[in-house]
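Have a look at work_25.txt; it's compact mmCIF, C-alpha atoms:
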# COMPACT_ATOMS: atom_id res chain seq x y z
CA MET R 9 0.00 0.00 0.00
CA GLU R 10 1.27 3.42 -0.91
CA ILE R 11 1.01 6.01 1.85
CA GLY R 12 1.05 9.31 -0.02
CA PHE R 13 1.97 11.67 2.74
CA LEU R 14 5.11 9.68 3.66
CA ASN R 15 6.54 10.27 0.18
CA PHE R 16 5.53 13.90 0.30
CA TYR R 17 7.18 14.63 3.64
CA SER R 18 10.24 12.63 2.69
CA GLY R 19 10.55 14.92 -0.33
CA VAL R 20 10.13 18.06 1.77
CA LEU R 21 12.60 16.94 4.43
CA GLY R 22 15.12 15.64 1.90
CA ALA R 23 15.07 18.84 -0.12
CA SER R 24 15.36 21.08 2.93
CA GLN R 25 18.18 18.95 4.30
CA ASP R 26 20.13 19.42 1.06
CA ARG R 27 19.34 23.09 1.19
CA ALA R 28 20.60 23.37 4.79
CA ALA R 29 23.92 21.84 3.72
CA LEU R 30 24.20 24.27 0.79
CA ILE R 31 23.49 27.27 3.02
CA ALA R 32 26.02 26.04 5.59
CA ASN R 33 28.53 25.72 2.77
CA ASN R 34 27.82 29.28 1.63
CA ILE R 35 28.40 30.60 5.14
CA ALA R 36 31.57 28.52 5.52
CA ASN R 37 32.91 30.11 2.34
CA ALA R 38 31.89 33.67 3.18
CA ASP R 39 35.57 34.71 3.10
CA THR R 40 36.78 32.51 0.24
CA PRO R 41 38.04 34.54 -2.73
CA GLY R 42 36.06 33.90 -5.90
CA PHE R 43 33.37 31.79 -4.21
CA LYS R 44 29.82 32.16 -5.56
CA ALA R 45 26.86 31.36 -3.34
CA LYS R 46 24.73 28.39 -4.37
CA ASP R 47 21.13 27.60 -3.57
CA ILE R 48 18.42 25.27 -4.81
CA ASP R 49 15.01 26.02 -6.19
CA PHE R 50 12.89 24.30 -3.58
CA ALA R 51 10.05 23.25 -5.91
CA THR R 52 12.42 21.68 -8.46
CA ALA R 53 14.41 19.90 -5.77
CA MET R 54 11.28 18.55 -4.14
CA ALA R 55 9.91 17.28 -7.44
CA ALA R 56 13.19 15.49 -8.10
CA GLN R 57 13.20 14.01 -4.58
CA ALA R 58 9.61 12.82 -4.84
CA ALA R 59 10.15 11.31 -8.29
CA ASN R 60 13.27 9.42 -7.30
CA PRO R 61 13.87 9.35 -3.54
CA ASP R 62 16.93 7.08 -3.73
CA HIS R 63 18.98 9.08 -6.18
CA THR R 64 19.09 12.74 -5.27
CA ALA R 65 19.90 14.78 -8.34
CA ASP R 66 21.93 17.92 -7.76
CA THR R 67 19.67 20.82 -8.65
CA SER R 68 21.83 23.53 -7.10
CA GLN R 69 22.31 26.73 -9.01
CA TYR R 70 24.39 29.82 -8.46
CA ARG R 71 22.48 32.55 -6.72
CA ALA R 72 21.95 35.47 -9.07
CA SER R 73 21.12 38.29 -6.70
CA GLY R 74 24.36 38.66 -4.76
CA ALA R 75 26.56 41.73 -4.98
CA VAL R 76 30.06 40.59 -5.93
CA GLY R 77 32.83 41.99 -3.76
CA LEU R 78 36.37 42.91 -4.80
CA ASP R 79 37.58 39.39 -4.06
CA GLY R 80 34.96 37.84 -6.34
CA ASN R 81 32.86 36.55 -3.45
CA ASP R 82 29.10 37.19 -3.48
CA VAL R 83 28.02 35.60 -0.17
CA SER R 84 25.84 37.83 2.00
CA LEU R 85 26.16 36.59 5.58
CA ASP R 86 22.88 38.18 6.66
CA GLY R 87 21.01 36.86 3.64
CA GLU R 88 22.30 33.35 4.23
CA ARG R 89 21.30 33.48 7.89
CA VAL R 90 17.79 34.53 6.92
CA GLU R 91 17.59 31.64 4.45
CA ALA R 92 18.92 29.24 7.09
CA ALA R 93 16.21 30.37 9.51
CA ARG R 94 13.53 30.00 6.83
CA ASN R 95 14.78 26.52 6.02
CA ALA R 96 14.82 25.53 9.69
CA GLU R 97 11.19 26.64 10.00
CA THR R 98 10.28 24.53 6.95
CA MET R 99 11.90 21.48 8.50
CA GLY R 100 10.24 22.02 11.85
CA ALA R 101 6.84 22.50 10.24
CA ALA R 102 7.23 19.43 8.03
CA SER R 103 8.17 17.28 10.98
CA THR R 104 5.21 18.53 13.00
CA PHE R 105 2.78 17.87 10.15
CA LEU R 106 4.33 14.47 9.53
CA HIS R 107 3.90 13.56 13.17
CA GLN R 108 0.27 14.71 13.11
CA SER R 109 -0.49 12.76 9.92
CA THR R 110 1.09 9.65 11.37
CA ALA R 111 -0.89 10.06 14.57
CA ASP R 112 -4.11 10.42 12.54
CA LEU R 113 -3.29 7.29 10.55
CA VAL R 114 -2.58 5.31 13.71
CA MET R 115 -5.83 6.58 15.20
CA ALA R 116 -7.77 5.47 12.11
CA LEU R 117 -6.20 2.02 12.27
CA ARG R 118 -7.28 1.42 15.85
CA PRO R 119 -10.37 -0.74 16.20
CA ASN R 120 -11.74 1.41 18.99
CA PRO R 121 -10.39 4.96 18.92
CA SER R 122 -11.72 5.90 22.30
CA GLY R 123 -10.30 2.88 24.10
CA ASN R 124 -6.92 1.19 23.85
CA MET E 23 17.54 15.21 10.83
CA SER E 24 19.49 17.94 9.21
CA GLY E 25 22.34 16.22 7.40
CA SER E 26 25.31 15.34 9.53
CA ASN E 27 27.52 16.96 6.92
CA ILE E 28 26.21 20.35 8.04
CA PHE E 29 28.27 19.80 11.15
CA SER E 30 31.42 18.93 9.21
CA ILE E 31 30.91 21.93 6.89
CA ILE E 32 30.53 24.29 9.84
CA GLY E 33 33.45 22.59 11.58
CA SER E 34 35.67 23.36 8.61
CA ALA E 35 34.49 26.99 8.69
CA LEU E 36 35.28 27.32 12.39
CA ASN E 37 38.73 25.77 11.85
CA ALA E 38 39.47 28.13 8.98
CA GLN E 39 38.37 31.25 10.85
CA ASP E 40 40.35 30.08 13.87
CA ALA E 41 43.51 29.80 11.76
CA ARG E 42 42.84 33.25 10.33
CA MET E 43 42.44 34.75 13.81
CA GLY E 44 45.68 33.04 14.84
CA ALA E 45 47.50 34.69 11.95
CA ILE E 46 45.96 38.07 12.84
CA ALA E 47 47.04 37.66 16.47
CA SER E 48 50.57 36.87 15.33
CA ASN E 49 50.58 39.91 13.05
CA LEU E 50 49.35 42.22 15.78
CA ALA E 51 51.91 40.84 18.21
CA ASN E 52 54.66 41.65 15.72
CA VAL E 53 53.41 45.08 14.70
CA ASP E 54 56.38 46.76 16.38
CA SER E 55 59.00 44.10 15.66
CA ILE E 56 62.22 45.49 14.23
CA THR E 57 65.13 43.76 12.53
CA GLN E 58 68.85 44.30 12.27
CA PRO E 59 70.14 45.51 8.92
CA GLY E 60 70.34 42.44 6.68
CA GLY E 61 67.91 40.47 8.86
CA VAL E 62 64.55 39.13 7.66
CA PRO E 63 61.84 41.58 8.71
CA TYR E 64 58.41 40.34 9.86
CA ARG E 65 55.84 40.43 7.07
CA ALA E 66 52.14 40.16 7.76
CA HIS E 67 50.78 36.61 7.32
CA GLU E 68 47.55 36.28 5.38
CA VAL E 69 45.59 33.02 5.41
CA VAL E 70 44.03 32.18 2.03
CA PHE E 71 40.82 30.16 1.94
CA GLN E 72 39.51 27.99 -0.83
CA ALA E 73 36.24 26.17 -1.25
CA ASP E 74 36.82 22.52 -0.42
CA PRO E 75 36.61 20.73 -3.79
CA ASP E 76 33.41 18.79 -4.34
CA SER E 77 34.65 15.30 -3.71
CA ASP E 78 32.54 12.54 -5.16
CA PRO E 79 31.44 10.41 -2.19
CA ALA E 80 31.65 7.24 -4.30
CA THR E 81 35.17 7.58 -5.64
CA GLY E 82 36.62 10.32 -3.44
CA ALA E 83 37.94 11.98 -6.58
CA PRO E 84 37.38 15.70 -6.85
CA ASP E 85 35.13 16.91 -9.63
CA ALA E 86 36.41 19.24 -12.29
CA PRO E 87 36.69 22.74 -10.83
CA GLY E 88 33.51 24.75 -11.31
CA ALA E 89 31.46 21.73 -12.29
CA LEU E 90 28.49 20.93 -10.13
CA GLY E 91 28.39 17.35 -8.95
CA GLU E 92 25.85 14.89 -10.25
CA SER E 93 24.94 13.10 -7.06
CA GLY E 94 23.51 15.64 -4.68
CA PRO E 95 25.23 18.62 -3.11
CA THR E 96 28.60 17.33 -2.02
CA ASP E 97 30.28 20.60 -1.13
CA SER E 98 32.23 20.03 2.00
CA GLY E 99 33.02 23.40 3.43
CA VAL E 100 36.13 25.50 3.31
CA ALA E 101 39.80 24.60 3.36
CA ILE E 102 42.95 26.60 3.99
CA ALA E 103 44.87 26.93 0.74
CA GLY E 104 47.93 28.31 2.45
CA THR E 105 49.47 31.35 4.05
CA VAL E 106 50.97 34.15 2.02
CA LEU E 107 53.22 36.95 3.22
CA SER E 108 52.02 40.46 2.56
CA ASN E 109 53.91 42.52 -0.03
CA ALA E 110 53.14 45.81 1.66
CA PRO E 111 56.18 48.11 2.03
CA LEU E 112 58.12 47.76 5.26
CA LYS E 113 57.92 50.50 7.83
CA THR E 114 61.18 52.35 8.38
CA THR E 115 61.72 54.86 11.15
CA TYR E 116 64.60 57.28 11.58
CA ASP E 117 66.29 56.43 14.88
CA PRO E 118 70.07 56.74 14.60
CA GLY E 119 70.55 55.88 18.27
CA SER E 120 69.06 52.38 17.94
CA PRO E 121 71.49 49.44 17.82
CA TYR E 122 69.37 48.13 14.91
CA ALA E 123 69.80 51.27 12.80
CA ASP E 124 71.44 50.95 9.38
CA PRO E 125 74.32 53.32 8.42
CA GLN E 126 71.79 55.96 7.30
CA GLY E 127 70.11 55.84 10.73
CA TYR E 128 66.93 54.02 9.69
CA VAL E 129 65.42 51.09 11.59
CA THR E 130 63.44 48.52 9.55
CA GLY E 131 60.20 47.35 11.14
CA SER E 132 57.40 44.98 10.09
CA ASN E 133 54.86 45.75 7.37
CA VAL E 134 51.83 45.02 9.55
CA SER E 135 49.07 47.62 9.40
CA GLN E 136 47.35 47.63 12.74
CA VAL E 137 44.13 49.11 11.36
CA SER E 138 43.70 46.62 8.53
CA GLN E 139 44.45 43.75 10.92
CA MET E 140 41.72 44.96 13.24
CA VAL E 141 39.28 45.21 10.32
CA ASP E 142 40.21 41.64 9.35
CA LEU E 143 39.68 40.52 12.92
CA VAL E 144 36.17 41.98 13.02
CA ASP E 145 35.34 40.36 9.67
CA SER E 146 36.64 37.01 10.84
CA SER E 147 34.76 37.31 14.10
CA ASN E 148 31.51 38.03 12.20
CA SER E 149 31.96 34.95 10.03
CA TYR E 150 32.73 32.86 13.08
CA ALA E 151 29.57 34.10 14.81
CA ALA E 152 27.47 33.29 11.74
CA SER E 153 28.88 29.77 11.62
CA VAL E 154 28.16 29.21 15.29
CA ALA E 155 24.60 30.49 14.76
CA VAL E 156 24.04 27.97 11.96
CA LEU E 157 25.44 25.21 14.16
CA GLN E 158 23.06 26.08 16.98
CA GLN E 159 20.17 26.30 14.56
CA ALA E 160 20.95 22.88 13.09
CA SER E 161 21.03 21.25 16.49
CA ARG E 162 17.81 23.06 17.46
CA VAL E 163 16.09 21.68 14.35
CA ASP E 164 17.35 18.20 15.23
CA GLN E 165 16.03 18.53 18.76
CA GLN E 166 12.70 19.82 17.51
CA MET E 167 12.30 16.96 15.06
CA LEU E 168 13.19 14.37 17.70
CA SER E 169 10.83 15.86 20.25
CA SER E 170 7.94 16.12 17.77
CA PHE E 171 7.99 12.32 17.57
CA GLN E 172 8.14 11.74 21.28
CA GLU E 173 5.36 9.76 22.81
CA SER E 174 3.02 12.28 24.37

Show this structure as structure tokens.
Amino acid sequence: MEIGFLNFYSGVLGASQDRAALIANNIANADTPGFKAKDIDFATAMAAQAANPDHTADTSQYRASGAVGLDGNDVSLDGERVEAARNAETMGAASTFLHQSTADLVMALRPNPSGN
Amino acid sequence: MSGSNIFSIIGSALNAQDARMGAIASNLANVDSITQPGGVPYRAHEVVFQADPDSDPATGAPDAPGALGESGPTDSGVAIAGTVLSNAPLKTTYDPGSPYADPQGYVTGSNVSQVSQMVDLVDSSNSYAASVAVLQQASRVDQQMLSSFQES
């Protein structure tokens, strides 16, 4: 039996986990000469994750909006921290919803929901 | 769980910024160092960072530079490419009484600029703080995800 929401949340969590690693990498390289910040388009990454959960295709792209400094680096520390916070919220929300959906499913499977 | 490689990425960032702050501390300590004529004067050390090459987890071989990997984001943080010595001109002061003065009466000092070292220190400290913030956030997300599945 296919449980739809499990695939969905696995896609969400997988994509945001990849994104967290990319953002951490951007922050780690905030002082690296010539480094260009990378990010993923969340919708594309999630579609790829959902279509093929075992093989995660790299959908990362260079971020276009950054102002390039004299050393060729376009990482904005503040911008990356905002994105990291946004991503953390996404992961927290997905895990809460996943827990709730699982709890609902378990409740539906019980022969007598009010008892044990 | 947020990928465990977040922690290794941030670890590499903290290491790199730590090395940079060490070099800055050494430069500031030597800002007033002087040398005898003919000696090697102190030149400011500058730590150079490079993005850790995307190593393919399967083979361990680095991808071609600039190419994005095929099997998920494999960037693994920042590495120290090396330390270079600054080419800035050396400071010389006229002090004929010093035992280190050359025949013209000039004493050769280091080429460390105190102001630019302090600016570097603030920049490094900012990056360090950002890395620590990401680390705390990652562990908070992990905690949150674990606790959302606790039996209530």

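One finds atom CA of Gly119 of chain E at 13.9 Å from atom CA of Ile56 of chain E.
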
Each residue of chain R with at least one atom at most 7 Å from chain E should appear once, together with its nearest atom pair and the corresponding distance in Å (one decimal); atoms considered: all atoms listed in the file; ordering: chain, then increasing residue number; output as a tab-separated table.
residue	atom	partner	partner_atom	distance
R:Gln25	CA	E:Ser24	CA	5.2
R:Asp26	CA	E:Pro95	CA	6.6
R:Ala29	CA	E:Ile28	CA	5.1
R:Leu30	CA	E:Pro95	CA	6.9
R:Ala32	CA	E:Ile28	CA	6.2
R:Asn33	CA	E:Gly99	CA	5.1
R:Ile35	CA	E:Ser153	CA	6.6
R:Ala36	CA	E:Ala35	CA	4.6
R:Asn37	CA	E:Val100	CA	5.7
R:Ala38	CA	E:Ser149	CA	7.0
R:Thr40	CA	E:Phe71	CA	5.0
R:Pro41	CA	E:Gln72	CA	7.0
R:Phe43	CA	E:Ala73	CA	7.0
R:Thr64	CA	E:Gly94	CA	5.3
R:Ala65	CA	E:Gly94	CA	5.2
R:Asp66	CA	E:Gly94	CA	4.1
R:Ala96	CA	E:Val163	CA	6.2
R:Gly100	CA	E:Met167	CA	6.3
R:Ser103	CA	E:Met167	CA	5.8
R:Thr104	CA	E:Ser170	CA	6.0
R:His107	CA	E:Phe171	CA	6.1

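The gap separating atom CA of Ser138 of chain E from atom CA of Asn109 of chain E is 13.9 Å, in Å to one decimal.
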
* Tell me, in Å to one decimal, how far atom CA of Arg71 of chain R is from atom CA of Lys44 of chain R. =>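 According to the coordinates, atom CA of Arg71 of chain R and atom CA of Lys44 of chain R are separated by 7.4 Å.
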
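Of the listed residues (E:Gln139, E:Asn52, E:Thr115, E:Thr130), E:Gln139 comes nearest to Glu68 of chain E; the distances count all atoms listed in the file.
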
Could you name the residues that touch Ala66 of chain E at 8 Å or less, counting all atoms listed in the file, but leaving out those on the same chain fewer than 5 positions away, as a PDB file with C-alpha atoms, keeping the file's coordinate frame?
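And here's part_18.pdb as it stands now:
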ATOM      1  CA  ASN E  49      50.580  39.910  13.050  1.00  0.00           C
ATOM      2  CA  LEU E 107      53.220  36.950   3.220  1.00  0.00           C
ATOM      3  CA  SER E 108      52.020  40.460   2.560  1.00  0.00           C
ATOM      4  CA  SER E 132      57.400  44.980  10.090  1.00  0.00           C
ATOM      5  CA  ASN E 133      54.860  45.750   7.370  1.00  0.00           C
ATOM      6  CA  VAL E 134      51.830  45.020   9.550  1.00  0.00           C
TER       7      VAL E 134
END

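Residue nearest Asp82 of chain R, chosen from R:Ala55, R:Leu106, R:Met99, R:Ala45 and counting only C-alpha atoms: R:Ala45.
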
* Residues within 12 Å of Glu91 of chain R, all atoms listed in the file, excluding chain neighbours under 2 positions, as a list of chain:residue names ->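 In the requested format, the answer is R:Ser24, R:Arg27, R:Ala28, R:Ala29, R:Leu30, R:Ile31, R:Ala32, R:Asn34, R:Ile35, R:Lys46, R:Asp47, R:Ile48, R:Phe50, R:Ser84, R:Leu85, R:Asp86, R:Gly87, R:Glu88, R:Arg89, R:Ala93, R:Arg94, R:Asn95, R:Ala96, R:Glu97, R:Thr98, E:Val156, E:Gln159.
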
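Distances from R:Val114, R:Phe13, R:Asp39, R:Val76 to Ala58 of chain R were compared using all atoms listed in the file, and the smallest one belongs to R:Phe13.
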
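Distances here use only C-alpha atoms; by that measure, the residue among E:Ala41, E:Ala110, E:Val141, E:Val129 closest to Ser55 of chain E is E:Val129.
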